[in-house]
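Student: Following this line is coords.cif, made up of mmCIF, N, CA, C and O atoms:
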```cif
data_structure
#
loop_
_atom_site.label_atom_id
_atom_site.label_comp_id
_atom_site.auth_asym_id
_atom_site.auth_seq_id
_atom_site.Cartn_x
_atom_site.Cartn_y
_atom_site.Cartn_z
N MET D 1 -81.05 -113.34 -78.07
CA MET D 1 -82.12 -112.54 -78.64
C MET D 1 -82.42 -113.00 -80.06
O MET D 1 -81.54 -113.50 -80.74
N VAL D 2 -83.62 -112.75 -80.49
CA VAL D 2 -84.05 -113.10 -81.84
C VAL D 2 -83.72 -111.92 -82.77
O VAL D 2 -84.00 -110.77 -82.44
N VAL D 3 -83.13 -112.20 -83.90
CA VAL D 3 -82.78 -111.17 -84.87
C VAL D 3 -83.78 -111.25 -86.03
O VAL D 3 -83.89 -112.28 -86.69
N LEU D 4 -84.49 -110.15 -86.26
CA LEU D 4 -85.43 -110.05 -87.37
C LEU D 4 -84.86 -109.11 -88.42
O LEU D 4 -84.23 -108.11 -88.08
N LYS D 5 -85.09 -109.42 -89.69
CA LYS D 5 -84.57 -108.61 -90.78
C LYS D 5 -85.72 -108.11 -91.64
O LYS D 5 -86.58 -108.89 -92.04
N THR D 6 -85.72 -106.83 -91.94
CA THR D 6 -86.74 -106.27 -92.82
C THR D 6 -86.41 -106.62 -94.27
O THR D 6 -85.28 -107.02 -94.59
N LYS D 7 -87.37 -106.46 -95.15
CA LYS D 7 -87.13 -106.71 -96.58
C LYS D 7 -86.07 -105.76 -97.12
O LYS D 7 -85.24 -106.15 -97.94
N TYR D 8 -86.11 -104.52 -96.67
CA TYR D 8 -85.13 -103.54 -97.13
C TYR D 8 -83.72 -103.93 -96.69
O TYR D 8 -82.76 -103.76 -97.44
N TYR D 9 -83.59 -104.48 -95.49
CA TYR D 9 -82.30 -104.95 -95.00
C TYR D 9 -81.79 -106.09 -95.88
O TYR D 9 -80.64 -106.09 -96.31
N THR D 10 -82.65 -107.06 -96.14
CA THR D 10 -82.27 -108.21 -96.96
C THR D 10 -81.86 -107.76 -98.36
O THR D 10 -80.89 -108.27 -98.92
N LYS D 11 -82.56 -106.77 -98.89
CA LYS D 11 -82.23 -106.26 -100.23
C LYS D 11 -80.89 -105.53 -100.21
O LYS D 11 -80.10 -105.66 -101.14
N SER D 12 -80.62 -104.79 -99.14
CA SER D 12 -79.36 -104.05 -99.08
C SER D 12 -78.16 -104.97 -98.84
O SER D 12 -77.04 -104.63 -99.20
N VAL D 13 -78.38 -106.16 -98.27
CA VAL D 13 -77.30 -107.13 -98.09
C VAL D 13 -76.78 -107.60 -99.44
O VAL D 13 -75.59 -107.87 -99.61
N GLN D 14 -77.65 -107.67 -100.42
CA GLN D 14 -77.27 -108.15 -101.75
C GLN D 14 -76.28 -107.22 -102.45
O GLN D 14 -75.61 -107.63 -103.39
N THR D 15 -76.16 -105.98 -101.99
CA THR D 15 -75.22 -105.04 -102.60
C THR D 15 -73.80 -105.23 -102.09
O THR D 15 -72.88 -104.68 -102.66
N LEU D 16 -73.63 -106.00 -101.03
CA LEU D 16 -72.31 -106.22 -100.44
C LEU D 16 -71.52 -107.28 -101.22
O LEU D 16 -72.11 -108.17 -101.83
N SER D 17 -70.22 -107.19 -101.14
CA SER D 17 -69.37 -108.21 -101.75
C SER D 17 -69.42 -109.47 -100.89
O SER D 17 -69.89 -109.45 -99.75
N LYS D 18 -68.91 -110.58 -101.42
CA LYS D 18 -68.92 -111.84 -100.66
C LYS D 18 -68.09 -111.72 -99.39
O LYS D 18 -68.47 -112.23 -98.35
N LYS D 19 -66.98 -111.04 -99.48
CA LYS D 19 -66.11 -110.84 -98.31
C LYS D 19 -66.86 -110.06 -97.22
O LYS D 19 -66.80 -110.42 -96.04
N ASP D 20 -67.56 -109.01 -97.63
CA ASP D 20 -68.32 -108.21 -96.67
C ASP D 20 -69.51 -108.99 -96.10
O ASP D 20 -69.87 -108.80 -94.94
N CYS D 21 -70.10 -109.88 -96.88
CA CYS D 21 -71.20 -110.72 -96.39
C CYS D 21 -70.73 -111.67 -95.30
O CYS D 21 -71.46 -111.90 -94.32
N VAL D 22 -69.53 -112.19 -95.45
CA VAL D 22 -68.96 -113.07 -94.42
C VAL D 22 -68.77 -112.28 -93.12
O VAL D 22 -69.11 -112.75 -92.03
N LEU D 23 -68.24 -111.08 -93.24
CA LEU D 23 -68.06 -110.22 -92.06
C LEU D 23 -69.41 -109.86 -91.44
O LEU D 23 -69.55 -109.82 -90.22
N LEU D 24 -70.41 -109.63 -92.28
CA LEU D 24 -71.75 -109.29 -91.79
C LEU D 24 -72.34 -110.44 -90.98
O LEU D 24 -72.93 -110.21 -89.92
N LEU D 25 -72.18 -111.67 -91.45
CA LEU D 25 -72.71 -112.82 -90.71
C LEU D 25 -72.07 -112.93 -89.33
O LEU D 25 -72.75 -113.23 -88.35
N ALA D 26 -70.78 -112.67 -89.26
CA ALA D 26 -70.09 -112.70 -87.96
C ALA D 26 -70.63 -111.60 -87.04
O ALA D 26 -70.87 -111.84 -85.85
N GLN D 27 -70.86 -110.42 -87.61
CA GLN D 27 -71.39 -109.32 -86.82
C GLN D 27 -72.82 -109.60 -86.36
O GLN D 27 -73.21 -109.25 -85.25
N GLU D 28 -73.62 -110.23 -87.21
CA GLU D 28 -75.00 -110.58 -86.83
C GLU D 28 -75.01 -111.58 -85.67
O GLU D 28 -75.86 -111.49 -84.79
N ARG D 29 -74.08 -112.53 -85.68
CA ARG D 29 -74.00 -113.48 -84.57
C ARG D 29 -73.64 -112.77 -83.27
O ARG D 29 -74.23 -113.05 -82.23
N LEU D 30 -72.69 -111.86 -83.34
CA LEU D 30 -72.33 -111.07 -82.16
C LEU D 30 -73.52 -110.24 -81.67
O LEU D 30 -73.76 -110.12 -80.48
N LEU D 31 -74.25 -109.67 -82.61
CA LEU D 31 -75.41 -108.85 -82.28
C LEU D 31 -76.48 -109.66 -81.57
O LEU D 31 -77.10 -109.19 -80.61
N ALA D 32 -76.68 -110.90 -81.99
CA ALA D 32 -77.68 -111.77 -81.36
C ALA D 32 -77.26 -112.15 -79.94
O ALA D 32 -78.10 -112.26 -79.05
N GLU D 33 -75.95 -112.35 -79.74
CA GLU D 33 -75.46 -112.72 -78.42
C GLU D 33 -75.44 -111.54 -77.45
O GLU D 33 -75.89 -111.66 -76.32
N ASP D 34 -74.89 -110.42 -77.92
CA ASP D 34 -74.77 -109.22 -77.09
C ASP D 34 -74.85 -108.00 -77.99
O ASP D 34 -73.88 -107.68 -78.69
N PRO D 35 -75.98 -107.29 -78.00
CA PRO D 35 -76.15 -106.15 -78.90
C PRO D 35 -75.13 -105.02 -78.69
O PRO D 35 -74.96 -104.19 -79.56
N PHE D 36 -74.47 -105.00 -77.54
CA PHE D 36 -73.53 -103.93 -77.27
C PHE D 36 -72.09 -104.45 -77.13
O PHE D 36 -71.28 -103.89 -76.40
N HIS D 37 -71.79 -105.52 -77.85
CA HIS D 37 -70.44 -106.09 -77.86
C HIS D 37 -69.48 -105.03 -78.40
O HIS D 37 -69.80 -104.29 -79.33
N SER D 38 -68.28 -104.99 -77.84
CA SER D 38 -67.32 -103.94 -78.22
C SER D 38 -66.87 -104.03 -79.68
O SER D 38 -66.54 -103.02 -80.30
N LYS D 39 -66.88 -105.22 -80.27
CA LYS D 39 -66.48 -105.38 -81.67
C LYS D 39 -67.50 -104.79 -82.65
O LYS D 39 -67.18 -104.55 -83.80
N LEU D 40 -68.70 -104.54 -82.18
CA LEU D 40 -69.74 -104.00 -83.06
C LEU D 40 -69.67 -102.47 -83.17
O LEU D 40 -70.22 -101.90 -84.11
N HIS D 41 -69.02 -101.82 -82.23
CA HIS D 41 -68.94 -100.36 -82.21
C HIS D 41 -70.33 -99.73 -82.30
O HIS D 41 -70.58 -98.87 -83.14
N VAL D 42 -71.23 -100.16 -81.45
CA VAL D 42 -72.63 -99.69 -81.47
C VAL D 42 -72.71 -98.27 -80.97
O VAL D 42 -72.09 -97.90 -79.98
N LYS D 43 -73.49 -97.46 -81.69
CA LYS D 43 -73.73 -96.08 -81.31
C LYS D 43 -75.23 -95.80 -81.37
O LYS D 43 -75.90 -96.21 -82.31
N LYS D 44 -75.74 -95.09 -80.37
CA LYS D 44 -77.14 -94.68 -80.38
C LYS D 44 -77.26 -93.45 -81.27
O LYS D 44 -76.47 -92.52 -81.18
N LEU D 45 -78.26 -93.47 -82.14
CA LEU D 45 -78.44 -92.36 -83.07
C LEU D 45 -79.35 -91.30 -82.46
O LEU D 45 -80.33 -91.61 -81.79
N LYS D 46 -79.02 -90.05 -82.72
CA LYS D 46 -79.81 -88.93 -82.23
C LYS D 46 -80.86 -88.56 -83.27
O LYS D 46 -80.76 -88.94 -84.43
N GLY D 47 -81.86 -87.80 -82.84
CA GLY D 47 -82.86 -87.31 -83.78
C GLY D 47 -84.10 -88.17 -83.89
O GLY D 47 -84.96 -87.90 -84.71
N PHE D 48 -84.20 -89.20 -83.09
CA PHE D 48 -85.38 -90.06 -83.07
C PHE D 48 -86.13 -89.81 -81.77
O PHE D 48 -85.53 -89.44 -80.76
N PRO D 49 -87.45 -90.02 -81.75
CA PRO D 49 -88.19 -89.89 -80.50
C PRO D 49 -87.61 -90.83 -79.43
O PRO D 49 -87.02 -91.85 -79.74
N SER D 50 -87.79 -90.46 -78.16
CA SER D 50 -87.19 -91.24 -77.08
C SER D 50 -87.71 -92.68 -77.04
O SER D 50 -87.04 -93.57 -76.53
N THR D 51 -88.91 -92.92 -77.58
CA THR D 51 -89.44 -94.28 -77.61
C THR D 51 -88.78 -95.12 -78.69
O THR D 51 -88.74 -96.34 -78.58
N ASP D 52 -88.26 -94.48 -79.73
CA ASP D 52 -87.59 -95.19 -80.83
C ASP D 52 -86.09 -95.09 -80.65
O ASP D 52 -85.47 -94.13 -81.09
N LYS D 53 -85.50 -96.07 -80.01
CA LYS D 53 -84.06 -96.07 -79.82
C LYS D 53 -83.42 -96.83 -80.97
O LYS D 53 -83.51 -98.04 -81.06
N VAL D 54 -82.82 -96.07 -81.88
CA VAL D 54 -82.20 -96.64 -83.07
C VAL D 54 -80.69 -96.59 -82.89
O VAL D 54 -80.14 -95.60 -82.42
N TYR D 55 -80.04 -97.68 -83.26
CA TYR D 55 -78.59 -97.81 -83.10
C TYR D 55 -77.94 -98.16 -84.43
O TYR D 55 -78.59 -98.71 -85.33
N SER D 56 -76.66 -97.87 -84.54
CA SER D 56 -75.89 -98.31 -85.70
C SER D 56 -74.79 -99.26 -85.21
O SER D 56 -74.34 -99.18 -84.07
N PHE D 57 -74.40 -100.18 -86.08
CA PHE D 57 -73.28 -101.07 -85.78
C PHE D 57 -72.37 -101.14 -86.99
O PHE D 57 -72.79 -100.96 -88.12
N ARG D 58 -71.10 -101.38 -86.73
CA ARG D 58 -70.09 -101.41 -87.79
C ARG D 58 -69.98 -102.80 -88.39
O ARG D 58 -69.89 -103.79 -87.67
N ILE D 59 -70.01 -102.85 -89.71
CA ILE D 59 -69.78 -104.10 -90.43
C ILE D 59 -68.32 -104.13 -90.90
O ILE D 59 -67.59 -105.07 -90.64
N THR D 60 -67.94 -103.09 -91.62
CA THR D 60 -66.55 -102.87 -92.01
C THR D 60 -66.23 -101.41 -91.70
O THR D 60 -67.06 -100.72 -91.12
N ARG D 61 -65.08 -100.97 -92.10
CA ARG D 61 -64.76 -99.55 -91.87
C ARG D 61 -65.66 -98.65 -92.70
O ARG D 61 -65.82 -97.47 -92.37
N VAL D 62 -66.26 -99.17 -93.74
CA VAL D 62 -67.06 -98.37 -94.65
C VAL D 62 -68.56 -98.58 -94.46
O VAL D 62 -69.34 -97.63 -94.57
N PHE D 63 -68.99 -99.79 -94.16
CA PHE D 63 -70.42 -100.11 -94.09
C PHE D 63 -70.93 -100.17 -92.67
O PHE D 63 -70.27 -100.66 -91.77
N ARG D 64 -72.15 -99.66 -92.50
CA ARG D 64 -72.84 -99.67 -91.21
C ARG D 64 -74.22 -100.30 -91.38
O ARG D 64 -74.78 -100.30 -92.47
N GLY D 65 -74.76 -100.78 -90.28
CA GLY D 65 -76.12 -101.31 -90.26
C GLY D 65 -76.91 -100.58 -89.18
O GLY D 65 -76.35 -100.15 -88.18
N LEU D 66 -78.21 -100.44 -89.40
CA LEU D 66 -79.07 -99.80 -88.41
C LEU D 66 -80.03 -100.83 -87.83
O LEU D 66 -80.54 -101.69 -88.56
N PHE D 67 -80.29 -100.71 -86.52
CA PHE D 67 -81.20 -101.64 -85.88
C PHE D 67 -81.90 -100.99 -84.70
O PHE D 67 -81.50 -99.93 -84.23
N ARG D 68 -82.97 -101.63 -84.26
CA ARG D 68 -83.74 -101.21 -83.10
C ARG D 68 -83.91 -102.42 -82.19
O ARG D 68 -84.05 -103.55 -82.66
N ILE D 69 -83.91 -102.19 -80.90
CA ILE D 69 -84.10 -103.26 -79.93
C ILE D 69 -85.48 -103.11 -79.31
O ILE D 69 -85.84 -102.05 -78.81
N SER D 70 -86.26 -104.18 -79.40
CA SER D 70 -87.53 -104.24 -78.67
C SER D 70 -87.42 -105.44 -77.73
O SER D 70 -86.39 -106.08 -77.65
N ILE D 71 -88.46 -105.76 -77.05
CA ILE D 71 -88.40 -106.82 -76.04
C ILE D 71 -87.96 -108.14 -76.68
O ILE D 71 -88.65 -108.71 -77.50
N GLU D 72 -86.77 -108.59 -76.31
CA GLU D 72 -86.18 -109.86 -76.77
C GLU D 72 -86.05 -109.96 -78.29
O GLU D 72 -85.94 -111.05 -78.83
N LYS D 73 -86.10 -108.82 -79.01
CA LYS D 73 -85.95 -108.84 -80.47
C LYS D 73 -85.03 -107.73 -80.91
O LYS D 73 -85.04 -106.62 -80.36
N ILE D 74 -84.25 -108.03 -81.92
CA ILE D 74 -83.44 -107.03 -82.60
C ILE D 74 -83.94 -106.94 -84.02
O ILE D 74 -84.00 -107.94 -84.72
N ILE D 75 -84.34 -105.76 -84.43
CA ILE D 75 -84.88 -105.56 -85.78
C ILE D 75 -83.84 -104.82 -86.60
O ILE D 75 -83.50 -103.67 -86.31
N LEU D 76 -83.32 -105.48 -87.63
CA LEU D 76 -82.33 -104.90 -88.53
C LEU D 76 -83.05 -104.19 -89.68
O LEU D 76 -83.89 -104.79 -90.35
N PHE D 77 -82.69 -102.92 -89.91
CA PHE D 77 -83.39 -102.12 -90.91
C PHE D 77 -82.68 -102.02 -92.25
O PHE D 77 -83.27 -102.29 -93.29
N VAL D 78 -81.43 -101.60 -92.23
CA VAL D 78 -80.75 -101.30 -93.48
C VAL D 78 -79.24 -101.38 -93.29
O VAL D 78 -78.74 -101.24 -92.19
N ILE D 79 -78.55 -101.61 -94.40
CA ILE D 79 -77.09 -101.57 -94.45
C ILE D 79 -76.73 -100.57 -95.53
O ILE D 79 -77.38 -100.50 -96.57
N GLY D 80 -75.68 -99.81 -95.29
CA GLY D 80 -75.25 -98.87 -96.31
C GLY D 80 -73.90 -98.27 -96.00
O GLY D 80 -73.30 -98.52 -94.95
N HIS D 81 -73.42 -97.46 -96.93
CA HIS D 81 -72.15 -96.76 -96.77
C HIS D 81 -72.30 -95.77 -95.62
O HIS D 81 -73.35 -95.16 -95.43
N ARG D 82 -71.25 -95.60 -94.85
CA ARG D 82 -71.34 -94.77 -93.65
C ARG D 82 -71.69 -93.32 -93.95
O ARG D 82 -72.26 -92.63 -93.10
N LYS D 83 -71.39 -92.84 -95.14
CA LYS D 83 -71.73 -91.45 -95.49
C LYS D 83 -73.20 -91.30 -95.86
O LYS D 83 -73.76 -90.23 -95.70
N ASP D 84 -73.81 -92.37 -96.34
CA ASP D 84 -75.18 -92.28 -96.84
C ASP D 84 -76.22 -92.86 -95.90
O ASP D 84 -77.39 -92.50 -95.96
N ILE D 85 -75.85 -93.77 -95.04
CA ILE D 85 -76.80 -94.55 -94.24
C ILE D 85 -77.64 -93.67 -93.32
O ILE D 85 -78.82 -93.89 -93.15
N TYR D 86 -77.02 -92.65 -92.73
CA TYR D 86 -77.74 -91.84 -91.75
C TYR D 86 -78.73 -90.87 -92.41
O TYR D 86 -79.64 -90.39 -91.76
N GLN D 87 -78.56 -90.61 -93.67
CA GLN D 87 -79.47 -89.72 -94.38
C GLN D 87 -80.70 -90.46 -94.91
O GLN D 87 -81.66 -89.85 -95.30
N SER D 88 -80.65 -91.79 -94.88
CA SER D 88 -81.77 -92.58 -95.43
C SER D 88 -82.95 -92.62 -94.50
O SER D 88 -84.04 -93.01 -94.89
N PHE D 89 -82.76 -92.22 -93.22
CA PHE D 89 -83.87 -92.25 -92.28
C PHE D 89 -84.15 -90.90 -91.72
O PHE D 89 -83.49 -90.10 -91.40
#
```
Go ahead and render the structure in this file as structure tokens.
Tutor:
Amino acid sequence: MVVLKTKYYTKSVQTLSKKDCVLLLAQERLLAEDPFHSKLHVKKLKGFPSTDKVYSFRITRVFRGLFRISIEKIILFVIGHRKDIYQSF
């Protein structure tokens, strides 16, 4: 699948440490191969219309990323702390 990144996602990546960026790249590769790989700990988020299926994936124990799957594309929205990320949308 093709992975697309929003500007907000790219900007939020810059807040991560170098160690976390390395882990993020590994997670992005897994996401491109299989969006529901067990190492990603993907969860479907509630509270969105049924047409907008938004998911979260684990980067580290503290950071999560949000994404949406459309036909042959994965759109990455944002990365943030697990306590704050779900309130941003």
Student: Do a neighbour search on D:Lys46 at 10 Å with only C-alpha atoms, toss out local chain neighbours closer than 6 positions, and write the hits as a PDB file with N, CA, C and O atoms, keeping the file's coordinate frame.
Tutor:
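Here's the written file part16.pdb:
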```pdb
ATOM      1  N   LYS D  53     -85.500 -96.070 -80.010  1.00  0.00           N
ATOM      2  CA  LYS D  53     -84.060 -96.070 -79.820  1.00  0.00           C
ATOM      3  C   LYS D  53     -83.420 -96.830 -80.970  1.00  0.00           C
ATOM      4  O   LYS D  53     -83.510 -98.040 -81.060  1.00  0.00           O
ATOM      5  N   VAL D  54     -82.820 -96.070 -81.880  1.00  0.00           N
ATOM      6  CA  VAL D  54     -82.200 -96.640 -83.070  1.00  0.00           C
ATOM      7  C   VAL D  54     -80.690 -96.590 -82.890  1.00  0.00           C
ATOM      8  O   VAL D  54     -80.140 -95.600 -82.420  1.00  0.00           O
ATOM      9  N   TYR D  55     -80.040 -97.680 -83.260  1.00  0.00           N
ATOM     10  CA  TYR D  55     -78.590 -97.810 -83.100  1.00  0.00           C
ATOM     11  C   TYR D  55     -77.940 -98.160 -84.430  1.00  0.00           C
ATOM     12  O   TYR D  55     -78.590 -98.710 -85.330  1.00  0.00           O
TER      13      TYR D  55
END
```
Student: Find the spatial neighbours of stretch 33-38 of chain D, counting only N, CA, C and O atoms, within a cut-off of 8 Å - ignore same-chain residues fewer than 5 positions away - and output them as a list in words.
Tutor: Met1, Val2, Ala26, Gln27, Glu28, Lys43, Ser56 and Phe57 of chain D
Student: Can you give me, as a PyMOL selection string, the residues this file yields under the PyMOL selection byres ((chain D and resi 77) around 6)?
Tutor: chain D and resi 4+6-10+66-68+75-76+78-79
Student: Which residue gives the smallest distance to D:Leu24 among D:Glu72, D:Thr60, D:Gly80, D:Gln87, with only N, CA, C and O atoms counted?
Tutor: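 Distance minimum relative to D:Leu24 lands on D:Thr60.
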Student: How would you write, as a PyMOL selection string, the set of residues in stretch 9-89 of chain D that DSSP gives as alpha helix (DSSP H)?
Tutor: chain D and resi 9-13+18-33
Student: Measure the distance from atom C of D:Arg29 to atom N of D:Ile74 in Å and round it to one decimal.
Tutor: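 One can read the atom C of D:Arg29 to atom N of D:Ile74 distance as 11.7 Å.
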Student: Enumerate, as an MDAnalysis selection string, the complete set of residues in chain D that a backbone-based DSSP assignment places in strand (DSSP E or B).
Tutor: chainID D and resid 2:5 43:44 54:58 63:70 73:81
Student: Which value, in Å to one decimal, gives the distance between atom CA of D:Leu23 and atom CA of D:Asp52?
Tutor: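 These two atoms are separated by 27.1 Å.
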Student: Between atom C of D:Arg64 and atom N of D:Leu16, measure the distance and give it in Å to one decimal.
Tutor: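 Pair atom C of D:Arg64 / atom N of D:Leu16 returns 11.2 Å.
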